[in-house]
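Asker: File my_file.tsv below, TSV, C-alpha atoms:
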chain	number	residue	atom	x	y	z
A	528	MET	CA	-59.38	1.81	41.66
A	529	LYS	CA	-56.07	3.20	42.92
A	530	SER	CA	-54.37	-0.23	42.63
A	531	THR	CA	-55.75	-0.73	39.13
A	532	PHE	CA	-54.25	2.61	38.12
A	533	ARG	CA	-50.89	1.55	39.62
A	534	ILE	CA	-50.93	-1.73	37.67
A	535	ILE	CA	-51.70	0.11	34.43
A	536	CYS	CA	-48.81	2.53	35.09
A	537	LEU	CA	-46.43	-0.33	35.89
A	538	VAL	CA	-47.38	-2.27	32.75
A	539	SER	CA	-46.95	0.91	30.66
A	540	ILE	CA	-43.47	1.54	32.08
A	541	VAL	CA	-42.44	-2.09	31.44
A	542	MET	CA	-43.73	-1.87	27.85
A	543	LEU	CA	-41.93	1.42	27.31
A	544	ILE	CA	-38.60	0.05	28.59
A	545	SER	CA	-39.04	-3.10	26.52
A	546	HIS	CA	-39.79	-1.05	23.38
A	547	ASN	CA	-36.78	1.22	23.97
A	548	TYR	CA	-34.57	-1.80	24.48
A	549	SER	CA	-35.62	-3.41	21.19
A	550	TRP	CA	-35.33	-0.01	19.46
A	551	SER	CA	-31.77	0.49	20.73
A	552	GLN	CA	-30.95	-3.10	19.75
A	553	ALA	CA	-32.24	-2.30	16.28
A	554	ILE	CA	-29.96	0.77	16.12
A	555	ILE	CA	-26.95	-1.27	17.22
A	556	SER	CA	-27.78	-3.94	14.62
A	557	LYS	CA	-28.17	-1.25	12.00
A	558	LYS	CA	-24.79	0.26	12.92
A	559	LEU	CA	-23.11	-3.13	12.77
A	560	GLY	CA	-24.86	-3.74	9.49
A	561	THR	CA	-23.55	-0.45	8.14
A	562	ILE	CA	-19.97	-1.24	9.10
A	563	ALA	CA	-20.29	-4.69	7.53
A	564	GLU	CA	-21.82	-3.11	4.44
A	565	ILE	CA	-18.96	-0.65	4.13
A	566	ALA	CA	-16.43	-3.46	4.50
A	567	THR	CA	-18.28	-5.47	1.87
A	568	GLN	CA	-18.40	-2.51	-0.47
A	569	MET	CA	-14.67	-2.01	-0.09
A	570	ILE	CA	-14.07	-5.66	-0.93
A	571	ILE	CA	-16.40	-5.51	-3.91
A	572	ARG	CA	-14.73	-2.33	-5.11
A	573	LEU	CA	-11.32	-3.93	-4.93
A	574	ASP	CA	-12.56	-7.10	-6.56
A	575	ASP	CA	-14.15	-5.12	-9.39
A	576	HIS	CA	-10.94	-3.25	-9.98
A	577	SER	CA	-8.89	-6.43	-9.99
A	578	LYS	CA	-10.88	-7.67	-12.98
A	579	ILE	CA	-10.44	-4.58	-15.10
A	580	LYS	CA	-8.64	-4.71	-18.40
A	581	ILE	CA	-6.20	-2.06	-17.38
A	582	GLN	CA	-4.37	-1.87	-20.68
A	583	ASN	CA	-7.27	0.06	-22.13
A	584	LEU	CA	-7.49	2.65	-19.36
A	585	SER	CA	-6.88	6.35	-19.94
A	586	HIS	CA	-4.56	8.30	-17.65
A	587	GLU	CA	-7.56	9.67	-15.71
A	588	GLU	CA	-9.02	6.20	-15.21
A	589	LEU	CA	-5.65	4.79	-14.15
A	590	TYR	CA	-5.20	7.66	-11.69
A	591	SER	CA	-8.66	7.15	-10.25
A	592	LYS	CA	-8.36	3.39	-9.86
A	593	GLY	CA	-4.82	3.59	-8.53
A	594	GLU	CA	-5.89	6.07	-5.85
A	595	ILE	CA	-8.91	3.96	-4.85
A	596	ILE	CA	-6.83	0.81	-4.52
A	597	ARG	CA	-4.10	2.62	-2.59
A	598	GLU	CA	-6.76	4.05	-0.26
A	599	PHE	CA	-8.15	0.56	0.33
A	600	PHE	CA	-4.76	-0.82	1.35
A	601	ALA	CA	-3.83	2.26	3.41
A	602	LYS	CA	-7.11	1.93	5.33
A	603	THR	CA	-6.57	-1.79	5.76
A	604	SER	CA	-3.07	-1.17	7.12
A	605	SER	CA	-4.46	1.34	9.65
A	606	ASN	CA	-7.43	-0.86	10.58
A	607	PRO	CA	-7.19	-1.99	14.25
A	608	SER	CA	-8.20	-5.52	13.28
A	609	THR	CA	-5.25	-5.78	10.90
A	610	LYS	CA	-2.19	-7.34	12.51
A	611	ASN	CA	1.39	-6.91	11.42
A	612	LYS	CA	4.60	-8.86	11.68
A	613	ILE	CA	7.89	-7.01	11.52
A	614	TYR	CA	11.30	-8.30	10.60
A	615	SER	CA	14.14	-5.81	11.01
A	616	GLU	CA	17.90	-5.77	10.90
A	617	LYS	CA	20.70	-3.20	10.98
A	618	LYS	CA	23.19	-3.02	8.13
A	619	ASN	CA	25.85	-0.34	7.67
A	620	ASN	CA	24.10	1.87	10.24
A	621	ASN	CA	20.90	1.70	8.19
A	622	GLU	CA	17.82	-0.06	9.48
A	623	THR	CA	16.04	-2.44	7.16
A	624	SER	CA	12.48	-3.37	8.06
A	625	ILE	CA	9.94	-5.69	6.47
A	626	ASN	CA	6.40	-5.06	7.66
A	627	LEU	CA	3.70	-7.56	6.75
A	628	TYR	CA	0.06	-6.57	7.33
A	629	TYR	CA	-2.43	-9.44	7.56
A	630	GLN	CA	-5.74	-10.68	8.88
A	631	THR	CA	-5.76	-14.41	9.79
A	632	LYS	CA	-4.18	-16.04	6.72
A	633	ARG	CA	-4.88	-13.20	4.32
A	634	VAL	CA	-1.88	-11.02	3.49
A	635	TYR	CA	-2.73	-7.43	2.53
A	636	VAL	CA	0.45	-5.41	2.32
A	637	ILE	CA	4.20	-5.89	2.64
A	638	VAL	CA	6.40	-2.85	3.10
A	639	HIS	CA	10.15	-3.24	2.69
A	640	ARG	CA	11.93	-0.11	3.89
A	641	ILE	CA	15.48	1.08	4.56
A	642	VAL	CA	15.91	4.10	6.81
A	643	ASN	CA	19.21	5.74	7.76
A	644	THR	CA	20.26	6.89	11.23
A	645	THR	CA	18.68	10.32	10.78
A	646	GLY	CA	15.33	8.80	9.84
A	647	ASP	CA	15.55	9.51	6.11
A	648	MET	CA	13.99	6.89	3.89
A	649	LEU	CA	16.52	5.44	1.46
A	650	PHE	CA	14.40	2.72	-0.07
A	651	ASN	CA	10.74	1.75	-0.01
A	652	LYS	CA	9.07	-1.12	-1.76
A	653	VAL	CA	5.39	-1.99	-1.32
A	654	PHE	CA	3.46	-5.10	-2.37
A	655	TYR	CA	-0.34	-5.42	-2.39
A	656	PHE	CA	-2.17	-8.76	-2.48
A	657	ASP	CA	-5.62	-9.95	-3.56
A	658	TYR	CA	-7.88	-12.46	-1.73
A	659	ASP	CA	-5.78	-15.45	-2.65
A	660	ASN	CA	-2.57	-13.78	-1.43
A	661	ASN	CA	-1.66	-13.26	-5.05
A	662	CYS	CA	0.51	-10.18	-5.51
A	663	ILE	CA	-1.25	-7.59	-7.71
A	664	TYR	CA	0.89	-4.51	-7.20
A	665	CYS	CA	4.45	-3.54	-6.48
A	666	SER	CA	5.84	-0.04	-6.19
A	667	GLU	CA	9.41	0.94	-5.60
A	668	TRP	CA	11.01	4.22	-4.57
A	669	THR	CA	14.76	4.34	-4.54
A	670	ASP	CA	16.00	7.72	-5.56
A	671	LYS	CA	15.58	10.79	-3.40
A	672	THR	CA	17.14	13.16	-5.92
A	673	LYS	CA	15.10	12.06	-8.91
A	674	MET	CA	12.02	11.90	-6.71
A	675	THR	CA	10.40	9.25	-8.84
A	676	TYR	CA	8.29	6.32	-7.85
A	677	THR	CA	7.86	3.54	-10.33
A	678	ASN	CA	4.96	1.21	-9.95
A	679	ALA	CA	4.11	-2.10	-11.47
A	680	MET	CA	0.54	-3.24	-11.31
A	681	TYR	CA	-0.95	-6.46	-12.52
A	682	TRP	CA	-4.53	-7.09	-13.37
A	683	GLU	CA	-4.87	-8.77	-16.71
A	684	SER	CA	-1.44	-7.65	-17.73
A	685	LEU	CA	1.52	-5.83	-16.28
A	686	VAL	CA	1.34	-2.04	-16.37
A	687	ARG	CA	4.09	0.28	-15.29
A	688	PHE	CA	3.48	3.90	-14.37
A	689	ASP	CA	5.10	6.75	-12.48
A	690	ALA	CA	3.91	8.34	-9.26
A	691	ASP	CA	1.48	10.55	-11.17
A	692	TYR	CA	-0.01	7.46	-12.82
A	693	ASN	CA	1.39	8.30	-16.22
A	694	ARG	CA	1.88	5.10	-18.15
A	695	ILE	CA	5.47	4.07	-18.83
A	696	GLU	CA	5.69	2.04	-21.98
A	697	ILE	CA	7.66	-1.17	-21.61
A	698	ASP	CA	8.81	-3.66	-24.21
A	699	PRO	CA	8.46	-7.45	-23.73
A	700	ALA	CA	12.09	-7.81	-22.58
A	701	GLN	CA	11.65	-5.12	-19.89
A	702	LYS	CA	8.38	-6.69	-18.88
A	703	LYS	CA	10.07	-10.06	-18.37
A	704	GLN	CA	12.85	-8.42	-16.37
A	705	ILE	CA	10.38	-6.54	-14.11
A	706	ILE	CA	8.41	-9.72	-13.43
A	707	GLN	CA	11.55	-11.71	-12.61
A	708	SER	CA	13.02	-9.06	-10.31
A	709	THR	CA	9.69	-8.49	-8.55
A	710	LYS	CA	9.25	-12.21	-7.96
A	711	LEU	CA	12.82	-12.58	-6.70
A	712	SER	CA	12.49	-9.70	-4.24
A	713	LEU	CA	9.12	-10.96	-2.99
A	714	ASP	CA	10.50	-14.50	-2.54
A	715	SER	CA	13.41	-13.05	-0.61
A	716	LEU	CA	11.13	-11.08	1.74
A	717	MET	CA	8.72	-13.95	2.30
A	718	GLN	CA	11.54	-16.15	3.59
A	719	HIS	CA	11.05	-14.27	6.83
A	720	PHE	CA	7.34	-15.17	6.97
A	721	PRO	CA	7.17	-18.87	6.01
A	722	GLU	CA	3.74	-19.28	7.65
A	723	PHE	CA	2.07	-17.29	4.85
A	724	LYS	CA	1.29	-18.66	1.43
A	725	TYR	CA	1.57	-16.26	-1.49
A	726	SER	CA	1.97	-16.18	-5.24
A	727	LEU	CA	3.03	-13.88	-8.03
A	728	ASN	CA	1.77	-15.11	-11.37
A	729	TRP	CA	2.42	-12.14	-13.61
A	730	LYS	CA	2.79	-12.81	-17.33
B	10	MET	CA	8.24	36.99	2.65
B	11	LEU	CA	5.90	36.81	-0.24
B	12	GLY	CA	4.23	39.90	-1.58
B	13	GLY	CA	1.06	39.94	0.42
B	14	THR	CA	-2.43	41.22	0.73
B	15	ASN	CA	-4.52	41.80	3.81
B	16	THR	CA	-8.27	41.63	4.13
B	17	ASP	CA	-8.75	45.16	2.75
B	18	ASP	CA	-6.56	44.34	-0.21
B	19	GLU	CA	-8.63	41.27	-0.95
B	20	GLN	CA	-11.63	43.48	-1.76
B	21	PHE	CA	-9.45	45.42	-4.17
B	22	TRP	CA	-8.12	42.28	-5.81
B	23	ASN	CA	-11.58	40.76	-6.03
B	24	PHE	CA	-12.53	43.88	-7.95
B	25	MET	CA	-9.41	43.58	-10.10
B	26	ARG	CA	-10.21	39.99	-11.03
B	27	GLY	CA	-12.67	41.33	-13.54
B	28	SER	CA	-9.80	43.00	-15.42
B	29	GLY	CA	-8.51	39.71	-16.78
B	30	GLY	CA	-5.80	38.82	-14.30
B	31	SER	CA	-2.06	38.54	-14.58
B	32	THR	CA	-0.01	37.78	-17.66
B	33	TYR	CA	3.30	37.32	-15.82
B	34	ARG	CA	5.31	34.16	-16.30
B	35	ASN	CA	8.41	32.68	-14.77
B	36	GLY	CA	11.81	33.51	-16.29
B	37	PRO	CA	13.47	36.86	-17.05
B	38	GLY	CA	11.20	39.65	-15.90
B	39	GLY	CA	8.91	37.04	-14.37
B	40	LEU	CA	7.48	36.73	-10.90
B	41	TYR	CA	10.33	34.75	-9.33
B	42	THR	CA	13.58	35.93	-7.74
B	43	GLY	CA	15.38	32.66	-7.13
B	44	ASN	CA	12.72	30.48	-5.54
B	45	GLU	CA	10.97	33.50	-4.01
B	46	CYS	CA	7.72	34.60	-5.60
B	47	LYS	CA	7.41	38.37	-5.69
B	48	ALA	CA	3.70	38.36	-6.42
B	49	LEU	CA	1.57	41.24	-5.22
B	50	SER	CA	-1.88	40.07	-6.18
B	51	PRO	CA	-3.80	36.80	-5.77
B	52	MET	CA	-3.67	36.36	-9.55
B	53	GLN	CA	0.11	36.68	-9.50
B	54	LEU	CA	0.35	34.23	-6.60
B	55	ALA	CA	-1.59	31.76	-8.74
B	56	GLU	CA	0.80	32.48	-11.62
B	57	CYS	CA	3.72	31.67	-9.35
B	58	ILE	CA	2.09	28.38	-8.37
B	59	LEU	CA	1.43	27.43	-11.99
B	60	ALA	CA	5.04	28.25	-12.91
B	61	ASN	CA	6.56	26.38	-9.95
B	62	PRO	CA	8.02	22.98	-10.97
B	63	ASN	CA	7.67	21.72	-7.38
B	64	ILE	CA	3.89	22.03	-7.53
B	65	GLN	CA	1.83	19.53	-9.53
B	66	LEU	CA	-1.87	20.22	-9.90
B	67	ALA	CA	-4.20	17.31	-10.70
B	68	ASP	CA	-6.00	17.40	-14.00
B	69	SER	CA	-8.70	14.95	-12.99
B	70	HIS	CA	-10.76	13.86	-9.99
B	71	VAL	CA	-10.33	10.47	-8.33
B	72	SER	CA	-14.11	10.15	-8.76
B	73	LYS	CA	-13.53	10.30	-12.55
B	74	VAL	CA	-16.23	12.98	-12.80
B	75	VAL	CA	-15.36	15.33	-15.63
B	76	ASP	CA	-15.93	19.00	-14.82
B	77	ALA	CA	-14.20	22.38	-14.68
B	78	ALA	CA	-13.13	22.03	-11.05
B	79	TYR	CA	-9.84	20.12	-11.27
B	80	ALA	CA	-7.04	21.56	-9.13
B	81	SER	CA	-5.22	22.69	-12.28
B	82	MET	CA	-8.36	24.47	-13.51
B	83	ASN	CA	-8.98	26.14	-10.13
B	84	MET	CA	-5.49	27.64	-10.17
B	85	THR	CA	-5.66	28.62	-13.84
B	86	ASP	CA	-8.99	30.36	-13.23
B	87	GLU	CA	-7.47	32.24	-10.29
B	88	ALA	CA	-4.44	33.27	-12.37
B	89	ASN	CA	-6.76	34.52	-15.09
B	90	GLY	CA	-8.74	36.62	-12.65
B	91	LEU	CA	-11.74	34.32	-12.80
B	92	MET	CA	-13.69	32.61	-10.05
B	93	ALA	CA	-12.74	28.98	-9.30
B	94	HIS	CA	-15.51	26.41	-9.76
B	95	THR	CA	-16.54	23.84	-7.21
B	96	SER	CA	-17.83	20.52	-8.48
B	97	CYS	CA	-21.53	19.76	-8.78
B	98	TYR	CA	-21.68	16.17	-7.56
B	99	GLY	CA	-21.94	14.53	-4.14
B	100	ASN	CA	-21.81	17.14	-1.37
B	101	ALA	CA	-20.24	19.80	-3.61
B	102	PRO	CA	-22.28	23.03	-3.71
B	103	CYS	CA	-21.96	23.74	-7.45
B	104	ALA	CA	-20.74	27.26	-6.79
B	105	GLU	CA	-17.85	29.60	-7.50
B	106	THR	CA	-15.28	31.07	-5.14
B	107	THR	CA	-11.89	32.74	-5.00
B	108	LEU	CA	-8.79	31.03	-3.61
B	109	SER	CA	-7.55	32.36	-0.29
B	110	THR	CA	-4.28	34.30	-0.50
B	111	ASP	CA	-3.08	32.58	2.68
B	112	LEU	CA	-3.62	29.23	0.95
B	113	MET	CA	-1.61	30.26	-2.11
B	114	LYS	CA	1.22	31.72	-0.02
B	115	GLY	CA	1.23	28.54	2.07
B	116	ILE	CA	1.46	26.35	-1.04
B	117	LEU	CA	4.43	28.38	-2.26
B	118	ASP	CA	6.10	28.14	1.15
B	119	LEU	CA	5.69	24.35	1.19
B	120	ALA	CA	7.07	24.10	-2.35
B	121	LYS	CA	10.36	25.66	-1.23
B	122	ASN	CA	11.24	22.41	0.52
B	123	TYR	CA	8.92	19.82	-0.98
B	124	ARG	CA	7.68	18.73	-4.35
B	125	ILE	CA	3.94	18.37	-3.84
B	126	SER	CA	1.02	17.09	-5.88
B	127	ILE	CA	-2.30	18.74	-5.12
B	128	SER	CA	-5.21	16.45	-5.88
B	129	GLU	CA	-8.03	18.85	-5.00
B	130	ILE	CA	-8.50	22.50	-4.10
B	131	VAL	CA	-12.07	23.72	-4.57
B	132	GLY	CA	-13.28	20.80	-6.68
B	133	GLY	CA	-14.35	17.28	-5.77
B	134	SER	CA	-16.90	16.13	-3.21
B	135	HIS	CA	-15.99	16.68	0.44
B	136	SER	CA	-18.02	16.85	3.65
B	137	LYS	CA	-20.84	19.41	3.70
B	138	GLY	CA	-19.58	22.89	4.51
B	139	SER	CA	-15.97	21.83	3.93
B	140	ALA	CA	-13.30	24.55	3.78
B	141	HIS	CA	-12.50	23.26	0.28
B	142	TYR	CA	-15.61	24.93	-1.09
B	143	SER	CA	-14.54	28.36	0.18
B	144	GLY	CA	-11.04	28.10	-1.33
B	145	ASP	CA	-9.24	27.66	2.00
B	146	CYS	CA	-8.05	24.10	1.71
B	147	ILE	CA	-5.98	21.69	-0.40
B	148	ASP	CA	-5.51	17.93	-0.53
B	149	VAL	CA	-1.96	16.70	-1.13
B	150	ASN	CA	-1.57	13.11	-2.32
B	151	LEU	CA	2.12	12.99	-3.27
B	152	ILE	CA	5.15	14.44	-1.51
B	153	ASN	CA	8.51	14.34	-3.25
B	154	GLY	CA	7.06	11.79	-5.65
B	155	ILE	CA	5.99	9.49	-2.82
B	156	HIS	CA	2.38	8.54	-2.21
B	157	VAL	CA	0.93	9.87	1.02
B	158	ASP	CA	-0.04	6.84	3.09
B	159	VAL	CA	1.45	4.73	5.86
B	160	ASN	CA	2.77	2.16	3.40
B	161	HIS	CA	4.75	4.61	1.32
B	162	LEU	CA	5.82	7.33	3.78
B	163	THR	CA	7.52	6.89	7.13
B	164	SER	CA	5.80	8.27	10.24
B	165	ASN	CA	8.67	10.75	10.62
B	166	ALA	CA	8.11	12.04	7.09
B	167	ILE	CA	4.35	12.45	7.70
B	168	ILE	CA	4.96	14.36	10.94
B	169	ALA	CA	7.66	16.52	9.30
B	170	PHE	CA	5.33	17.52	6.47
B	171	ARG	CA	2.50	18.21	8.92
B	172	ASN	CA	4.80	20.54	10.86
B	173	ALA	CA	5.93	22.19	7.63
B	174	ALA	CA	2.29	22.85	6.75
B	175	TYR	CA	1.68	24.47	10.13
B	176	ALA	CA	4.85	26.53	9.67
B	177	ALA	CA	3.40	27.64	6.31
B	178	GLY	CA	0.44	29.10	8.15
B	179	ALA	CA	-2.02	26.20	8.04
B	180	LYS	CA	-4.70	26.24	10.73
B	181	LYS	CA	-5.67	22.58	10.46
B	182	VAL	CA	-3.84	19.55	9.06
B	183	LEU	CA	-5.36	16.07	8.79
B	184	ASP	CA	-3.19	13.16	7.64
B	185	PRO	CA	-2.83	9.35	7.68
B	186	LEU	CA	-1.50	9.39	11.24
B	187	ASN	CA	-3.83	11.80	13.02
B	188	GLU	CA	-7.00	10.97	11.05
B	189	PRO	CA	-6.56	7.64	9.22
B	190	ILE	CA	-10.26	7.00	8.62
B	191	ASN	CA	-10.90	9.73	6.06
B	192	HIS	CA	-7.35	10.85	5.33
B	193	SER	CA	-5.53	7.55	4.88
B	194	ASN	CA	-4.14	8.59	1.50
B	195	HIS	CA	-3.76	12.37	1.55
B	196	PHE	CA	-2.99	15.46	3.59
B	197	HIS	CA	-5.88	17.86	4.16
B	198	ILE	CA	-4.34	21.29	4.74
B	199	GLN	CA	-6.56	24.18	5.71
B	200	TRP	CA	-5.62	27.86	5.97
What do you get writing this file as structure tokens?

Answerer:
Amino acid sequence: MKSTFRIICLVSIVMLISHNYSWSQAIISKKLGTIAEIATQMIIRLDDHSKIKIQNLSHEELYSKGEIIREFFAKTSSNPSTKNKIYSEKKNNNETSINLYYQTKRVYVIVHRIVNTTGDMLFNKVFYFDYDNNCIYCSEWTDKTKMTYTNAMYWESLVRFDADYNRIEIDPAQKKQIIQSTKLSLDSLMQHFPEFKYSLNWK
Amino acid sequence: MLGGTNTDDEQFWNFMRGSGGSTYRNGPGGLYTGNECKALSPMQLAECILANPNIQLADSHVSKVVDAAYASMNMTDEANGLMAHTSCYGNAPCAETTLSTDLMKGILDLAKNYRISISEIVGGSHSKGSAHYSGDCIDVNLINGIHVDVNHLTSNAIIAFRNAAYAAGAKKVLDPLNEPINHSNHFHIQW
């Protein structure tokens, strides 16, 4: 009778441990699932935004979408699984750096920055890329006194706006000039990273 | 030193809010001496903020939700002696509050050396029980016309602004360097 009781206790303990193990495995799976879901949502969000006809957006919508996209790329840049390659050189006591953030073959962000000896930023240009390493955004900050940041963003067409996401109207000639200069500067930067394919097909 | 109030004064000014608030503006006879705000009341502090060209207040939410809780509306309500509205979506409590005088003095202190864009004060959806809902906190998404994130600002610039916020009396500052998960694109400054 005593041994039967012991066997029952032992079987119960084994069952309990086994149940707890599968339960904790389920929690871990759920957590992993949640992280994957969040990552997927972020990708879907970005993909959705890349298909938007931005020309028709109001200031509020442009502000909202611009902030969401910027958040996506800022988070990606800070993500531990994102790697970066840095090219830097010193010119006239200023340090120029080109920082490329990527995961495997996918390029996310390129930051081209010039900083003087006291650490002040003199120039900052940022490029964002979609899934095919196609450049969808370029922002440039060059003037500390004017404190303006001009941004060019491409979804279905090129849109230019200031740091507060107010639209800056551009005529076809300006548009052509922006596209050419953006492509030239990107080509120049990518010479330092020949292992990555990229494109800029703005029209 | 800005014209200030202490905790006792706050009760008085909360009472005074019902009287319709301040009508002072910048310019001759206004609330500014140079870049120093000589406000005495919370309403006048809000007036100083609204009149300060170095302070931009958002007139929309990133969420695109349309309500009366944009940063610009919060400050205008405060200047008019009214309660500031929180939003009513997500975790927001759908309530009203006043803006902390420490917060408004801190904003004015920061604006002496920086041009800042405030994306949220009381409005928007934040974590449950957030200091935003009690009027003690702001989100800053642009500094000197530069987006707040690691791609647009240098680490030195982020640290310098964080220190400036603490020097302006902030009790807690979260930013893209010290809390990149939820604050990758803005400063959270709490007084």

Asker: When you get a sec, could you note down which chain B residues fall within 6 Å of chain A, using all atoms listed in the file, as a list in words?

Answerer: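 Residues of chain B within 6 Å of chain A, counting all atoms listed in the file: Val71, Asn153, Gly154, Asp158, Ser193 and Asn194 of chain B.
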
Asker: Quick one, how far is atom CA of Leu716 of chain A from atom CA of Gln704 of chain A?

Answerer: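 Rounded to one decimal, the two atoms are 18.4 Å apart.
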
Asker: Take atom CA of Gly178 of chain B and atom CA of Lys121 of chain B and report the distance between them in Å, one decimal.

Answerer: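 That distance, rounded to one decimal, is 14.1 Å.
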
Asker: Determine the nearest neighbour of Tyr655 of chain A from the options B:Ala48, B:His161, B:His135, B:Asp145, counting all atoms listed in the file.

Answerer: B:His161

Asker: Quick one: distance from atom CA of Ser134 of chain B to atom CA of Leu66 of chain B in Å, one decimal?

Answerer: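 Atom CA of Leu66 of chain B lies at a distance of 17.0 Å from atom CA of Ser134 of chain B.
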
Asker: Find the residues near Asp714 of chain A: any atom within 12 Å, counting all atoms listed in the file, skip ones fewer than 3 places away on the same chain, and give them as a ChimeraX atom specification.

Answerer: /A:637,654,662,707-711,717-721,723-727

Asker: Please check which residues have atoms at most 10 Å from (-20.2, 31.1, -8.2) in the file's coordinates, counting all atoms listed in the file, and write them as a list in words.

Answerer: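 Residues with an atom at most 10 Å from (-20.2, 31.1, -8.2): Met92, Ala93, His94, Thr95, Pro102, Cys103, Ala104, Glu105, Thr106 and Thr107 of chain B.
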
Asker: Here is a test: counting all atoms listed in the file, which residue of B:His192, B:His197, B:Arg171, B:His141 is nearest to Tyr123 of chain B?

Answerer: B:Arg171

Asker: Fewer than 5 positions away in the same chain doesn't count, so skip those; otherwise give me all residues within 7 Å of Ala179 of chain B, counting all atoms listed in the file, as a list of chain:residue names.

Answerer: B:Ala174, B:Ile198, B:Gln199, B:Trp200

Asker: If we count all atoms listed in the file, what is near Asp148 of chain B at a cut-off of 8 Å, once residues fewer than 4 positions away on the same chain are taken out, given as a ChimeraX atom specification?

Answerer: /B:127-130,195-198

Asker: Once 4 Å is added on each side, what centre and edge lengths in Å to one decimal does the axis-aligned box around all listed atoms of segment 111-119 of chain B have, as AutoDock Vina command-line options?

Answerer:
--center_x 1.2 --center_y 28.5 --center_z 0.2 --size_x 17.7 --size_y 16.2 --size_z 12.9

Asker: Of the candidates A:Ile641, A:Ile706, A:Leu584, A:Val634, which shows the shortest atom-to-atom distance to Asn660 of chain A, using only C-alpha atoms?

Answerer: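 Ranked by minimum distance to Asn660 of chain A, first place goes to A:Val634.
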
Asker: Using only C-alpha atoms, can you tell me which of B:Cys97, B:Ile167, B:Ile147, B:Leu119 comes closest to Asp76 of chain B?

Answerer: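 Of all the options, B:Cys97 lies closest to Asp76 of chain B.
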
Asker: Just want the 8 Å neighbourhood of segment 629-631 of chain A, counted on all atoms listed in the file, with same-chain residues fewer than 2 positions away dropped. Output as a list in words.

Answerer: Ser608, Thr609, Lys610, Asn611, Leu627, Arg633, Val634, Tyr635 and Val636 of chain A

Asker: Please dump the current selection as an mmCIF file, keeping the file's coordinate frame; keep C-alpha atoms.

Answerer:
data_model
loop_
_atom_site.group_PDB
_atom_site.id
_atom_site.type_symbol
_atom_site.label_atom_id
_atom_site.label_comp_id
_atom_site.auth_asym_id
_atom_site.auth_seq_id
_atom_site.Cartn_x
_atom_site.Cartn_y
_atom_site.Cartn_z
ATOM 1 C CA SER A 608 -8.200 -5.520 13.280
ATOM 2 C CA THR A 609 -5.250 -5.780 10.900
ATOM 3 C CA LYS A 610 -2.190 -7.340 12.510
ATOM 4 C CA ASN A 611 1.390 -6.910 11.420
ATOM 5 C CA LEU A 627 3.700 -7.560 6.750
ATOM 6 C CA ARG A 633 -4.880 -13.200 4.320
ATOM 7 C CA VAL A 634 -1.880 -11.020 3.490
ATOM 8 C CA TYR A 635 -2.730 -7.430 2.530
ATOM 9 C CA VAL A 636 0.450 -5.410 2.320
#

Asker: What's the 10 Å shell around Glu616 of chain A, counting only C-alpha atoms, without same-chain residues fewer than 6 positions away, as an NGL selection string?

Answerer: :A and (622-625 or 641)

Asker: Name the closest residue to Leu108 of chain B among the candidates B:Ile125, B:Ile64, B:Ile155, B:Ala55; distances are taken between atoms, counting all atoms listed in the file.

Answerer: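 Using all atoms listed in the file, Leu108 of chain B sits closest to B:Ala55.
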
Asker: Rank nothing, just name the residue among B:Met113, B:Leu183, B:Ala101, B:Ala120 nearest to Asn44 of chain B, using only C-alpha atoms.

Answerer: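 Closest residue, counting only C-alpha atoms: B:Ala120.
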